[in-house]
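Peer 1: Structure: start.pdb, PDB, C-alpha atoms.
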```pdb
ATOM      1  CA  MET C  23      26.672-123.903  -8.681
ATOM      2  CA  GLN C  24      26.353-122.477 -12.174
ATOM      3  CA  ASP C  25      26.592-125.988 -13.673
ATOM      4  CA  ILE C  26      23.868-127.266 -11.343
ATOM      5  CA  ARG C  27      21.558-124.430 -12.346
ATOM      6  CA  LYS C  28      22.170-125.160 -16.037
ATOM      7  CA  THR C  29      21.406-128.849 -15.481
ATOM      8  CA  GLN C  30      18.313-128.031 -13.424
ATOM      9  CA  SER C  31      16.959-125.623 -16.039
ATOM     10  CA  LYS C  32      17.623-128.156 -18.821
ATOM     11  CA  PHE C  33      15.526-130.773 -17.047
ATOM     12  CA  ARG C  34      12.877-128.231 -16.107
ATOM     13  CA  LYS C  35      12.073-127.940 -19.826
ATOM     14  CA  ASN C  36      11.585-131.706 -19.914
ATOM     15  CA  PRO C  37      10.282-132.482 -16.407
ATOM     16  CA  ILE C  38      10.441-136.233 -16.788
ATOM     17  CA  GLY C  39      13.986-136.144 -18.096
ATOM     18  CA  GLY C  40      13.009-138.367 -20.989
ATOM     19  CA  HIS C  41      12.828-141.311 -18.589
ATOM     20  CA  PHE C  42      10.176-142.948 -16.472
ATOM     21  CA  ASP C  43      10.108-146.415 -15.009
ATOM     22  CA  TYR C  44       8.609-146.799 -11.567
ATOM     23  CA  GLY C  45      10.086-149.213  -9.028
ATOM     24  CA  ARG C  46      13.575-150.666  -8.782
ATOM     25  CA  GLN C  47      14.661-148.958 -11.985
ATOM     26  CA  GLY C  48      13.905-145.523 -10.579
ATOM     27  CA  THR C  49      11.685-142.642 -11.521
ATOM     28  CA  SER C  50      12.215-139.430 -13.428
ATOM     29  CA  THR C  51      13.265-137.815 -10.141
ATOM     30  CA  THR C  52      15.989-140.380  -9.464
ATOM     31  CA  TYR C  53      17.098-140.241 -13.082
ATOM     32  CA  ILE C  54      17.490-136.453 -12.922
ATOM     33  CA  LEU C  55      19.270-136.676  -9.556
ATOM     34  CA  GLN C  56      21.718-139.218 -11.028
ATOM     35  CA  LYS C  57      22.479-136.810 -13.862
ATOM     36  CA  ILE C  58      23.002-133.895 -11.442
ATOM     37  CA  LEU C  59      25.242-135.964  -9.147
ATOM     38  CA  THR C  60      27.230-137.254 -12.134
ATOM     39  CA  LYS C  61      27.927-133.658 -13.120
ATOM     40  CA  LEU C  62      28.678-132.571  -9.535
ATOM     41  CA  GLU C  63      31.068-135.458  -8.907
ATOM     42  CA  GLU C  64      32.602-135.169 -12.385
ATOM     43  CA  SER C  65      32.078-138.905 -12.790
ATOM     44  CA  TYR C  66      31.141-141.157 -15.663
ATOM     45  CA  HIS C  67      27.912-142.310 -14.016
ATOM     46  CA  VAL C  68      26.146-142.358 -10.639
ATOM     47  CA  PHE C  69      23.910-145.205  -9.509
ATOM     48  CA  LEU C  70      21.114-144.577  -7.028
ATOM     49  CA  THR C  71      19.506-147.520  -5.291
ATOM     50  CA  PRO C  72      16.134-147.612  -3.536
ATOM     51  CA  THR C  73      17.564-149.264  -0.398
ATOM     52  CA  GLY C  74      20.770-149.469   1.591
ATOM     53  CA  PHE C  75      20.992-153.171   0.851
ATOM     54  CA  GLY C  76      20.650-152.392  -2.853
ATOM     55  CA  ALA C  77      23.710-150.156  -2.555
ATOM     56  CA  ILE C  78      25.620-152.862  -0.657
ATOM     57  CA  PHE C  79      24.715-155.484  -3.276
ATOM     58  CA  LEU C  80      25.723-153.193  -6.142
ATOM     59  CA  ALA C  81      29.045-152.237  -4.553
ATOM     60  CA  ILE C  82      30.085-155.777  -3.643
ATOM     61  CA  PHE C  83      28.848-157.507  -6.797
ATOM     62  CA  SER C  84      30.516-154.866  -8.978
ATOM     63  CA  LEU C  85      33.939-155.586  -7.496
ATOM     64  CA  VAL C  86      34.218-159.295  -6.815
ATOM     65  CA  ARG C  87      34.797-162.128  -9.263
ATOM     66  CA  PRO C  88      34.993-165.935  -8.969
ATOM     67  CA  GLY C  89      37.972-166.991  -6.870
ATOM     68  CA  ASP C  90      37.998-163.765  -4.843
ATOM     69  CA  GLU C  91      37.639-163.546  -1.087
ATOM     70  CA  ILE C  92      35.906-160.816   0.877
ATOM     71  CA  LEU C  93      36.228-160.009   4.556
ATOM     72  CA  VAL C  94      33.021-158.934   6.273
ATOM     73  CA  ALA C  95      32.606-157.441   9.746
ATOM     74  CA  ASP C  96      30.696-159.718  12.115
ATOM     75  CA  PRO C  97      27.985-159.026  13.180
ATOM     76  CA  SER C  98      26.566-157.676   9.963
ATOM     77  CA  TYR C  99      23.114-156.760   8.738
ATOM     78  CA  LYS C 100      21.182-160.022   8.166
ATOM     79  CA  PRO C 101      20.476-159.523   4.447
ATOM     80  CA  THR C 102      24.147-158.630   3.914
ATOM     81  CA  ARG C 103      25.206-161.720   5.818
ATOM     82  CA  ARG C 104      22.914-163.961   3.733
ATOM     83  CA  PHE C 105      24.118-162.328   0.522
ATOM     84  CA  THR C 106      27.820-162.664   1.349
ATOM     85  CA  GLU C 107      27.643-166.049   3.048
ATOM     86  CA  ASP C 108      25.176-167.880   0.788
ATOM     87  CA  PHE C 109      24.593-166.083  -2.524
ATOM     88  CA  LEU C 110      28.239-165.302  -3.306
ATOM     89  CA  LYS C 111      29.208-168.916  -2.597
ATOM     90  CA  ASP C 112      27.328-169.915  -5.760
ATOM     91  CA  PHE C 113      29.739-167.662  -7.682
ATOM     92  CA  ASN C 114      32.829-169.194  -6.050
ATOM     93  CA  ILE C 115      33.399-166.103  -3.921
ATOM     94  CA  LYS C 116      34.516-166.879  -0.375
ATOM     95  CA  THR C 117      33.363-164.814   2.597
ATOM     96  CA  ILE C 118      35.392-164.653   5.800
ATOM     97  CA  PHE C 119      33.907-162.900   8.814
ATOM     98  CA  TYR C 120      36.112-160.888  11.166
ATOM     99  CA  ASN C 121      35.601-159.209  14.523
ATOM    100  CA  PRO C 122      35.688-155.422  13.964
ATOM    101  CA  ASN C 123      36.655-154.964  17.632
ATOM    102  CA  ASP C 124      39.794-157.091  17.162
ATOM    103  CA  LEU C 125      41.736-155.995  14.123
ATOM    104  CA  ASN C 126      44.075-158.986  14.484
ATOM    105  CA  THR C 127      41.215-161.144  13.174
ATOM    106  CA  LEU C 128      41.168-158.906  10.111
ATOM    107  CA  LYS C 129      44.931-158.909   9.705
ATOM    108  CA  LYS C 130      45.286-162.707   9.935
ATOM    109  CA  ASN C 131      42.593-163.304   7.284
ATOM    110  CA  ILE C 132      43.917-161.017   4.549
ATOM    111  CA  SER C 133      45.311-163.072   1.688
ATOM    112  CA  LYS C 134      46.373-162.569  -1.914
ATOM    113  CA  ASN C 135      42.778-163.412  -2.934
ATOM    114  CA  THR C 136      41.221-160.734  -0.694
ATOM    115  CA  LYS C 137      39.430-158.361  -3.007
ATOM    116  CA  LEU C 138      37.298-156.387  -0.573
ATOM    117  CA  ILE C 139      37.019-155.595   3.129
ATOM    118  CA  PHE C 140      33.492-154.736   4.187
ATOM    119  CA  CYS C 141      33.535-152.511   7.268
ATOM    120  CA  ARG C 142      29.929-151.644   7.980
ATOM    121  CA  LYS C 143      29.162-151.492  11.685
ATOM    122  CA  SER C 144      25.582-152.269  12.578
ATOM    123  CA  ARG C 145      23.700-149.790  14.739
ATOM    124  CA  LYS C 146      22.070-152.695  16.540
ATOM    125  CA  GLN C 147      24.331-155.387  17.911
ATOM    126  CA  TYR C 148      21.628-158.059  17.809
ATOM    127  CA  ILE C 149      20.980-157.962  14.059
TER     128      ILE C 149
END
```
When written as structure tokens, how does the structure in this file appear?

Peer 2:
Amino acid sequence: MQDIRKTQSKFRKNPIGGHFDYGRQGTSTTYILQKILTKLEESYHVFLTPTGFGAIFLAIFSLVRPGDEILVADPSYKPTRRFTEDFLKDFNIKTIFYNPNDLNTLKKNISKNTKLIFCRKSRKQYI
């Protein structure tokens, strides 16, 4: 807690944290929160995204490379499905959908090229 208080008081002197860019890039509040979370988590950097899909995009696109395969739970959130099924194809990244209620479909699709298994379960089955 002492470290958080030091970080908070440091940014209180400079309330905008030396950073302001409204929109997708964040605001001074998100910038300060990233700095606090970086310290809390003892990490190199923390990324905050304005939407859940932004976080999904960042996580997947940070890990996969051309020639990789990813396994995605089906059904998945429509924007995630479009991203993994269509957008990644342009980067030579193959998406295979599996049934999260039948783990044999997951097991049989894992290959040496599998880089990521996406396990998000939708709250709404009809999405």

Peer 1: For each of C:Ala95, C:Leu55, C:Leu110, C:Ala77, take the minimum atom-to-atom distance to C:Asp124, counting all atoms listed in the file, then give the residue where this is smallest.

Peer 2: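 Under the stated criterion, the closest residue is C:Ala95.
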
Peer 1: Any idea what's packed within 9 Å of C:Leu70, counting all atoms listed in the file, ignoring anything in its chain fewer than 3 positions away? Could you give it as a PDB file with C-alpha atoms, in the frame of the given file?

Peer 2:
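Result file part_1.pdb:
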```pdb
ATOM      1  CA  GLY C  48      13.905-145.523 -10.579  1.00  0.00           C
ATOM      2  CA  THR C  52      15.989-140.380  -9.464  1.00  0.00           C
ATOM      3  CA  TYR C  53      17.098-140.241 -13.082  1.00  0.00           C
ATOM      4  CA  LEU C  55      19.270-136.676  -9.556  1.00  0.00           C
ATOM      5  CA  GLN C  56      21.718-139.218 -11.028  1.00  0.00           C
ATOM      6  CA  THR C  73      17.564-149.264  -0.398  1.00  0.00           C
ATOM      7  CA  GLY C  76      20.650-152.392  -2.853  1.00  0.00           C
ATOM      8  CA  ALA C  77      23.710-150.156  -2.555  1.00  0.00           C
TER       9      ALA C  77
END
```

Peer 1: When distances are computed from all atoms listed in the file, which of C:Ile54, C:Ile118, C:Leu59, C:Val68 shows the smallest separation from C:Leu138?

Peer 2: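 Between C:Ile54, C:Ile118, C:Leu59, C:Val68, the residue approaching C:Leu138 most closely is C:Ile118.
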
Peer 1: Would you mind telling me which residue in C:Thr71, C:Asn126, C:Asn131, C:Ser65 lies nearest to C:Glu91 when using only C-alpha atoms?

Peer 2: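 Going through C:Thr71, C:Asn126, C:Asn131, C:Ser65 one by one, the smallest distance to C:Glu91 is for C:Asn131.
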
Peer 1: Hey, what's within 8 Å of C:Leu93 if we count all atoms listed in the file and toss same-chain stuff fewer than 3 positions away? As a short mmCIF file (atom, residue, chain, number, x, y, z; two decimals) with C-alpha atoms, in the frame of the given file, please?

Peer 2:
```
data_model
loop_
_atom_site.label_atom_id
_atom_site.label_comp_id
_atom_site.auth_asym_id
_atom_site.auth_seq_id
_atom_site.Cartn_x
_atom_site.Cartn_y
_atom_site.Cartn_z
CA THR C 117 33.36 -164.81 2.60
CA ILE C 118 35.39 -164.65 5.80
CA PHE C 119 33.91 -162.90 8.81
CA TYR C 120 36.11 -160.89 11.17
CA LEU C 128 41.17 -158.91 10.11
CA ASN C 131 42.59 -163.30 7.28
CA ILE C 132 43.92 -161.02 4.55
CA THR C 136 41.22 -160.73 -0.69
CA LEU C 138 37.30 -156.39 -0.57
CA ILE C 139 37.02 -155.60 3.13
CA PHE C 140 33.49 -154.74 4.19
#
```

Peer 1: Evaluate the PyMOL selection byres ((chain C and resi 87) around 9) here and jot the selected residues down as a PyMOL selection string.

Peer 2: chain C and resi 83-86+88-91+113-115+137

Peer 1: Please measure the separation of atom CA of C:Cys141 and atom CA of C:Thr106, giving the value in Å to one decimal.

Peer 2: 13.1 Å
